[in-house]
$ cat data.txt   # compact mmCIF, C-alpha atoms and all ligand atoms
# COMPACT_ATOMS: atom_id res chain seq x y z
CA MET Q 1 -1.67 10.05 -24.14
CA ALA Q 2 -3.06 6.63 -24.95
CA GLU Q 3 -2.87 7.57 -28.61
CA GLY Q 4 0.84 8.26 -28.29
CA ASN Q 5 0.91 12.00 -27.69
CA LEU Q 6 3.11 12.07 -24.61
CA LYS Q 7 3.33 15.84 -24.56
CA GLN Q 8 -0.08 16.13 -22.90
CA ARG Q 9 -0.18 17.57 -19.42
CA VAL Q 10 -3.22 18.12 -17.27
CA GLU Q 11 -3.68 21.44 -15.58
CA VAL Q 12 -3.51 21.30 -11.81
CA ILE Q 13 -5.99 23.61 -10.10
CA GLY Q 14 -6.26 24.01 -6.35
CA ASN Q 15 -5.09 21.48 -3.82
CA ASP Q 16 -7.86 18.92 -3.45
CA GLU Q 17 -7.92 15.21 -4.28
CA ILE Q 18 -8.48 15.92 -7.97
CA ALA Q 19 -5.50 18.30 -8.03
CA ARG Q 20 -3.31 15.67 -6.40
CA LEU Q 21 -4.55 13.10 -8.87
CA CYS Q 22 -3.65 15.49 -11.70
CA MET Q 23 -0.16 15.90 -10.26
CA ALA Q 24 0.28 12.15 -9.99
CA PHE Q 25 -0.90 11.84 -13.57
CA ASN Q 26 1.67 14.37 -14.77
CA GLU Q 27 4.39 12.59 -12.84
CA MET Q 28 3.45 9.31 -14.45
CA ASN Q 29 3.52 11.03 -17.83
CA GLU Q 30 7.04 12.23 -17.17
CA LYS Q 31 8.20 8.73 -16.27
CA ILE Q 32 6.70 7.32 -19.46
CA THR Q 33 8.38 10.07 -21.49
CA THR Q 34 11.73 9.18 -19.91
CA ILE Q 35 11.29 5.47 -20.60
CA ASP Q 36 10.32 6.27 -24.18
CA SER Q 37 13.41 8.37 -24.83
CA GLU Q 38 15.66 5.79 -23.13
CA ARG Q 39 14.22 3.17 -25.45
CA ARG Q 40 14.94 5.28 -28.51
CA GLN Q 41 18.48 5.90 -27.30
CA PHE Q 42 18.96 2.21 -26.72
CA VAL Q 43 17.88 1.31 -30.25
CA ALA Q 44 20.22 3.98 -31.62
CA ASP Q 45 23.16 2.70 -29.51
CA ALA Q 46 22.50 -0.93 -30.37
CA SER Q 47 22.35 -0.15 -34.09
CA HIS Q 48 25.57 1.81 -33.84
CA GLU Q 49 27.35 -1.05 -32.06
CA LEU Q 50 26.21 -3.56 -34.65
CA LYS Q 51 27.09 -1.29 -37.52
CA SER Q 52 30.84 -1.11 -36.95
CA PRO Q 53 31.60 -4.85 -37.08
CA LEU Q 54 29.30 -5.14 -40.09
CA ALA Q 55 31.17 -2.33 -41.84
CA SER Q 56 34.51 -4.07 -41.17
CA ILE Q 57 33.21 -7.37 -42.49
CA ASN Q 58 31.95 -5.58 -45.57
CA VAL Q 59 35.32 -4.01 -46.31
CA LEU Q 60 37.18 -7.27 -45.69
CA VAL Q 61 34.89 -9.28 -47.95
CA GLU Q 62 35.09 -6.66 -50.68
CA SER Q 63 38.88 -6.80 -50.66
CA LEU Q 64 38.77 -10.58 -50.74
CA ILE Q 65 36.51 -10.47 -53.79
CA SER Q 66 38.58 -7.89 -55.65
CA SER Q 67 41.97 -9.46 -54.93
CA GLU Q 68 42.82 -12.41 -57.16
CA LEU Q 69 43.42 -14.53 -54.07
CA SER Q 70 46.93 -15.21 -55.35
CA ASN Q 71 48.31 -14.62 -51.90
CA LYS Q 72 46.82 -17.34 -49.77
CA ASP Q 73 48.35 -16.06 -46.51
CA MET Q 74 46.78 -12.69 -46.94
CA ALA Q 75 43.40 -14.20 -47.71
CA MET Q 76 43.73 -16.30 -44.58
CA GLU Q 77 44.47 -13.23 -42.51
CA PHE Q 78 41.38 -11.49 -43.88
CA LEU Q 79 39.26 -14.51 -43.09
CA GLN Q 80 40.57 -14.53 -39.53
CA ASP Q 81 39.64 -10.86 -39.16
CA ILE Q 82 36.18 -11.59 -40.51
CA HIS Q 83 35.89 -14.42 -38.05
CA SER Q 84 36.74 -12.19 -35.10
CA GLU Q 85 34.27 -9.51 -36.23
CA ILE Q 86 31.56 -12.16 -36.47
CA SER Q 87 32.41 -13.37 -32.95
CA ARG Q 88 32.07 -9.80 -31.77
CA LEU Q 89 28.68 -9.47 -33.42
CA SER Q 90 27.34 -12.69 -31.97
CA ASN Q 91 28.68 -11.71 -28.57
CA ILE Q 92 26.72 -8.44 -28.68
CA VAL Q 93 23.56 -10.16 -29.89
CA ASN Q 94 23.80 -12.87 -27.21
CA ASN Q 95 24.24 -10.29 -24.49
CA LEU Q 96 21.31 -8.26 -25.78
CA LEU Q 97 19.10 -11.34 -25.83
CA GLU Q 98 20.16 -12.16 -22.32
CA LEU Q 99 19.32 -8.65 -21.13
CA THR Q 100 15.88 -8.80 -22.71
CA LYS Q 101 15.24 -12.15 -21.09
CA LEU Q 102 16.32 -10.83 -17.67
CA GLU Q 103 14.15 -7.74 -17.92
CA GLY Q 104 10.97 -9.69 -18.35
CA SER Q 105 11.86 -12.32 -15.81
CA PHE Q 106 9.90 -11.70 -12.70
CA GLY Q 107 9.81 -14.76 -10.52
CA VAL Q 108 12.83 -16.56 -11.96
CA LYS Q 109 13.37 -20.02 -10.57
CA VAL Q 110 15.09 -19.78 -7.20
CA GLU Q 111 16.82 -22.53 -5.30
CA LYS Q 112 18.90 -22.90 -2.16
CA PHE Q 113 22.60 -23.43 -2.76
CA ASP Q 114 25.99 -22.75 -1.31
CA LEU Q 115 27.36 -19.46 -2.63
CA ASN Q 116 30.87 -20.76 -1.98
CA ASP Q 117 30.46 -23.45 -4.67
CA VAL Q 118 29.46 -20.87 -7.26
CA CYS Q 119 32.35 -18.57 -6.32
CA LEU Q 120 34.82 -21.44 -6.70
CA GLN Q 121 33.36 -22.20 -10.11
CA VAL Q 122 33.80 -18.55 -11.10
CA VAL Q 123 37.42 -18.50 -9.91
CA LYS Q 124 38.14 -21.62 -11.94
CA ARG Q 125 36.52 -20.28 -15.11
CA VAL Q 126 38.01 -16.77 -14.96
CA GLY Q 127 41.29 -18.38 -13.91
CA TYR Q 128 41.97 -19.40 -17.49
CA ILE Q 129 41.84 -15.78 -18.65
CA ALA Q 130 43.80 -14.62 -15.60
CA LYS Q 131 46.61 -17.04 -16.41
CA THR Q 132 47.21 -15.50 -19.82
CA LYS Q 133 47.83 -12.17 -18.07
CA ASN Q 134 49.65 -13.61 -15.08
CA VAL Q 135 46.99 -12.18 -12.83
CA GLU Q 136 46.32 -14.12 -9.66
CA ILE Q 137 42.88 -14.40 -8.08
CA PHE Q 138 42.94 -14.80 -4.29
CA TYR Q 139 39.66 -16.21 -3.14
CA ASP Q 140 38.72 -16.35 0.51
CA GLY Q 141 35.33 -17.94 0.85
CA GLN Q 142 33.13 -19.70 3.32
CA SER Q 143 29.95 -21.70 3.14
CA VAL Q 144 26.89 -19.46 2.91
CA GLU Q 145 23.54 -20.88 1.94
CA ILE Q 146 21.55 -18.45 -0.17
CA GLU Q 147 18.32 -18.60 -2.10
CA ALA Q 148 18.48 -17.24 -5.64
CA ASN Q 149 18.78 -18.28 -9.24
CA ARG Q 150 22.08 -20.11 -9.35
CA ASP Q 151 22.85 -19.53 -13.04
CA ASN Q 152 22.19 -15.82 -12.72
CA ILE Q 153 24.43 -15.52 -9.66
CA PHE Q 154 27.17 -17.31 -11.54
CA ARG Q 155 26.78 -14.99 -14.51
CA ALA Q 156 26.81 -11.84 -12.36
CA LEU Q 157 29.90 -12.89 -10.40
CA TYR Q 158 31.63 -14.09 -13.53
CA ASN Q 159 31.15 -10.72 -15.22
CA VAL Q 160 32.51 -8.73 -12.28
CA VAL Q 161 35.49 -11.02 -11.64
CA GLU Q 162 36.21 -11.11 -15.37
CA ASN Q 163 36.26 -7.30 -15.39
CA ALA Q 164 38.60 -7.29 -12.41
CA VAL Q 165 41.03 -9.49 -14.33
CA LYS Q 166 40.51 -7.77 -17.66
CA TYR Q 167 41.24 -4.33 -16.26
CA SER Q 168 44.17 -5.48 -14.11
CA TYR Q 169 47.75 -4.87 -15.13
CA GLU Q 170 49.93 -7.82 -15.96
CA TYR Q 171 51.08 -9.65 -12.78
CA GLY Q 172 48.28 -7.97 -10.83
CA ARG Q 173 46.17 -9.53 -8.12
CA VAL Q 174 42.44 -9.76 -7.64
CA ASP Q 175 40.98 -10.29 -4.19
CA PHE Q 176 37.61 -11.93 -3.92
CA TRP Q 177 35.99 -12.66 -0.58
CA VAL Q 178 32.60 -13.35 0.88
CA GLU Q 179 31.26 -11.97 4.11
CA LYS Q 180 28.23 -13.36 5.90
CA ASP Q 181 25.51 -10.87 6.57
CA SER Q 182 22.20 -11.04 8.42
CA ARG Q 183 20.37 -10.91 5.08
CA GLY Q 184 22.65 -13.28 3.19
CA ALA Q 185 26.10 -12.40 1.97
CA ILE Q 186 28.24 -9.47 0.94
CA ILE Q 187 30.58 -10.22 -1.92
CA HIS Q 188 33.78 -8.22 -2.33
CA ILE Q 189 35.78 -8.14 -5.53
CA LYS Q 190 38.82 -5.92 -5.61
CA ASP Q 191 41.46 -5.28 -8.23
CA HIS Q 192 44.45 -2.97 -8.51
CA GLY Q 193 44.19 -2.21 -12.19
CA VAL Q 194 43.35 0.84 -14.25
CA GLY Q 195 40.42 1.80 -12.03
CA ILE Q 196 37.35 3.80 -12.98
CA PRO Q 197 37.39 7.61 -12.97
CA GLU Q 198 35.03 9.04 -10.37
CA GLU Q 199 32.80 10.72 -12.94
CA ASP Q 200 32.30 7.49 -14.89
CA ILE Q 201 31.16 5.41 -11.93
CA PRO Q 202 27.45 6.36 -12.20
CA LYS Q 203 27.44 5.41 -15.87
CA ILE Q 204 29.11 2.00 -15.89
CA PHE Q 205 25.80 0.11 -15.58
CA GLU Q 206 24.43 1.76 -18.71
CA ARG Q 207 24.18 -0.43 -21.75
CA PHE Q 208 27.20 -0.20 -24.05
CA TYR Q 209 29.01 2.14 -21.68
CA ARG Q 210 32.79 1.81 -21.78
CA VAL Q 211 35.18 4.17 -20.09
CA ASP Q 212 37.79 3.83 -22.80
CA LYS Q 213 36.25 3.02 -26.15
CA THR Q 214 39.50 2.36 -27.97
CA ARG Q 215 41.00 0.10 -25.36
CA ASP Q 216 37.86 -1.96 -25.02
CA ARG Q 217 37.45 -2.44 -28.72
CA LYS Q 218 40.71 -4.38 -28.56
CA THR Q 219 39.71 -6.47 -25.54
CA GLY Q 220 36.41 -7.20 -27.23
CA GLY Q 221 34.08 -5.95 -24.51
CA SER Q 222 30.66 -4.78 -25.57
CA GLY Q 223 29.89 -2.72 -22.48
CA LEU Q 224 26.90 -4.92 -21.68
CA GLY Q 225 28.41 -7.06 -18.92
CA LEU Q 226 27.62 -4.73 -16.04
CA SER Q 227 24.12 -4.00 -17.38
CA ILE Q 228 23.48 -7.73 -17.12
CA VAL Q 229 24.91 -7.79 -13.59
CA ASN Q 230 22.72 -4.85 -12.63
CA GLU Q 231 19.60 -6.54 -14.00
CA ILE Q 232 20.38 -9.76 -12.11
CA ILE Q 233 21.03 -8.01 -8.80
CA LYS Q 234 17.87 -5.89 -9.19
CA ASN Q 235 15.86 -9.09 -9.59
CA ILE Q 236 17.31 -10.49 -6.38
CA MET Q 237 16.41 -7.34 -4.48
CA VAL Q 238 12.78 -7.84 -5.56
CA ILE Q 239 12.74 -11.27 -3.91
N1 LIG I 1 37.34 -3.67 -12.57
C1 LIG I 1 37.31 -2.66 -13.45
N2 LIG I 1 38.37 -1.79 -13.55
C2 LIG I 1 38.33 -0.75 -14.42
N3 LIG I 1 37.30 -0.48 -15.23
C3 LIG I 1 36.23 -1.29 -15.18
C4 LIG I 1 36.17 -2.41 -14.30
N4 LIG I 1 34.96 -3.01 -14.45
C5 LIG I 1 34.32 -2.31 -15.40
N5 LIG I 1 35.06 -1.28 -15.85
C6 LIG I 1 34.66 -0.26 -16.86
O1 LIG I 1 33.26 -0.33 -17.02
C7 LIG I 1 32.93 -0.59 -18.38
C8 LIG I 1 31.68 -1.45 -18.47
O2 LIG I 1 31.93 -2.77 -18.02
P1 LIG I 1 31.17 -3.96 -18.72
O3 LIG I 1 29.73 -3.62 -18.76
O4 LIG I 1 31.56 -5.23 -18.06
O5 LIG I 1 31.69 -3.91 -20.22
P2 LIG I 1 32.94 -4.59 -20.94
O6 LIG I 1 32.29 -5.49 -21.92
O7 LIG I 1 33.67 -3.45 -21.59
O8 LIG I 1 33.74 -5.33 -19.92
C9 LIG I 1 34.16 -1.23 -18.98
O9 LIG I 1 34.26 -1.02 -20.36
C10 LIG I 1 35.28 -0.54 -18.22
O10 LIG I 1 35.56 0.70 -18.83
MG MG I 2 32.84 -6.86 -18.73
$ encode --input "data.txt" --output "structure tokens" --more "lines below"
Ligand SMILES: Nc1ncnc2c1ncn2[C@@H]1O[C@H](COP(=O)(O)OP(=O)(O)O)[C@@H](O)[C@H]1O
Ligand SMILES: [Mg+2]
Amino acid sequence: MAEGNLKQRVEVIGNDEIARLCMAFNEMNEKITTIDSERRQFVADASHELKSPLASINVLVESLISSELSNKDMAMEFLQDIHSEISRLSNIVNNLLELTKLEGSFGVKVEKFDLNDVCLQVVKRVGYIAKTKNVEIFYDGQSVEIEANRDNIFRALYNVVENAVKYSYEYGRVDFWVEKDSRGAIIHIKDHGVGIPEEDIPKIFERFYRVDKTRDRKTGGSGLGLSIVNEIIKNIMVI
């Protein structure tokens, strides 16, 4: 196994300590095999996601080169499309880097702060996007002191509230409230938008997972937001 042959299994004979050790060894082997295939899948998915904006940029640049650039407006339009594809690419790369950083971050810096302040900051920041869709965010908060990494909590809440707005219908409302709990706080974020089909719910934390691929291509989501949220919340649970 150490040499990379993960197909090895040890034979379990009897029911003594050695047999149980063999079973534990096989179980560990199975976990490693799963992690290995998830890693391969991830590399395949990431390459695929990066490939499509690159292909668009390629086509756009080729047409710019071959056209005589007599029509300045058209050239401008192409450049704008290239610009938005590049933004998309850098968005994916930034999110991937963030995920990698979170994964290896045991013992992130924690501090005591008021969750209410962070929530208000989130409402303000997502508010700009909400306004363009006439979605209203109703926040009902209270002071709760928690101990965590403040930037990560902001990022996690931002991603979920942003989703709530992004997947709301025009003139929709998002409710966001905080409940005190013996172990800290329970945060509720509720929207009345398109919703998530029951069968997709277990998959939404997977990297690059989007319920509706076509719709999300237009809104520019990479399907990494909730993976980042998941990673952040997992880290908190460790503390
Ligand atoms: N509030 C929501 N309402 C409906 N669908 C949602 C909501 N939040 C997340 N989703 C679904 O889960 C997918 C993954 O979310 P996320 O990881 O944040 O990626 P994205 O970059 O597409 O927002 C989204 O593409 C969307 O299909
Ligand atoms: Mg999102």
$ residues_around --input "data.txt" --residues "stretch 5-18 of chain Q" --least-positions-apart "2" --cutoff "12 Å" --atoms "all atoms listed in the file" --output "list in words"
Met1, Ala2, Glu3, Arg20, Leu21, Cys22, Met23, Ala24, Phe25, Asn26, Glu27, Met28, Asn29, Glu30, Lys31, Ile32, Thr33, Thr34, Ile35, Asp36 and Ser37 of chain Q
$ residues_near_ligand --input "data.txt" --ligand "ligand LIG 1 (chain I)" --cutoff "7 Å" --atoms "all atoms listed in the file" --output "list in words"
Asn159, Val160, Asn163, Ala164, Tyr167, Ser168, Asp191, Gly193, Val194, Gly195, Ile196, Ile204, Phe205, Phe208, Tyr209, Arg210, Val211, Asp212, Asp216, Gly220, Gly221, Ser222, Gly223, Leu224, Gly225, Leu226 and Ser227 of chain Q
$ atom_distance --input "data.txt" --atom1 "atom CA of Q:Val93" --atom2 "atom CA of Q:Glu162"
19.3 Å
$ atom_distance --input "data.txt" --atom1 "atom CA of Q:Ser182" --atom2 "atom CA of Q:Val118"
19.9 Å
$ atom_distance --input "data.txt" --atom1 "atom CA of Q:Val123" --atom2 "atom CA of Q:Arg155"
12.1 Å
$ closest_residue --input "data.txt" --among "Q:His83, Q:Pro202, Q:Asn230, Q:Val110" --to "ligand MG 2 (chain I)" --atoms "all atoms listed in the file"
Q:Asn230
$ axis_aligned_box --input "data.txt" --around "stretch 116-122 of chain Q" --padding-each-side "6 Å" --output "JSON"
{"center_x": 32.1, "center_y": -21.0, "center_z": -6.5, "size_x": 17.4, "size_y": 16.9, "size_z": 21.1}
$ closest_residue --input "data.txt" --among "Q:Glu49, Q:Ile137, Q:Trp177, Q:Glu103" --to "Q:Asn235" --atoms "only C-alpha atoms"
Q:Glu103
$ closest_residue --input "data.txt" --among "Q:Leu99, Q:Ile86, Q:Val126, Q:Leu60" --to "Q:Phe154" --atoms "all atoms listed in the file"
Q:Val126
$ closest_residue --input "data.txt" --among "Q:Val161, Q:Ile186, Q:Ile153, Q:Leu115" --to "ligand MG 2 (chain I)" --atoms "all atoms listed in the file"
Q:Val161
$ closest_residue --input "data.txt" --among "Q:Gln80, Q:Phe42, Q:Gly127, Q:Ile92" --to "ligand MG 2 (chain I)" --atoms "only C-alpha atoms and all ligand atoms"
Q:Ile92
$ closest_residue --input "data.txt" --among "Q:Glu145, Q:Asp73, Q:Glu199, Q:Glu231" --to "Q:Lys180" --atoms "all atoms listed in the file"
Q:Glu145
$ residues_around --input "data.txt" --residues "Q:Leu79" --least-positions-apart "5" --cutoff "10 Å" --atoms "all atoms listed in the file" --output "list in words"
Ile57, Leu60, Val61, Leu64, Asp73, Met74, Ser84 and Glu85 of chain Q
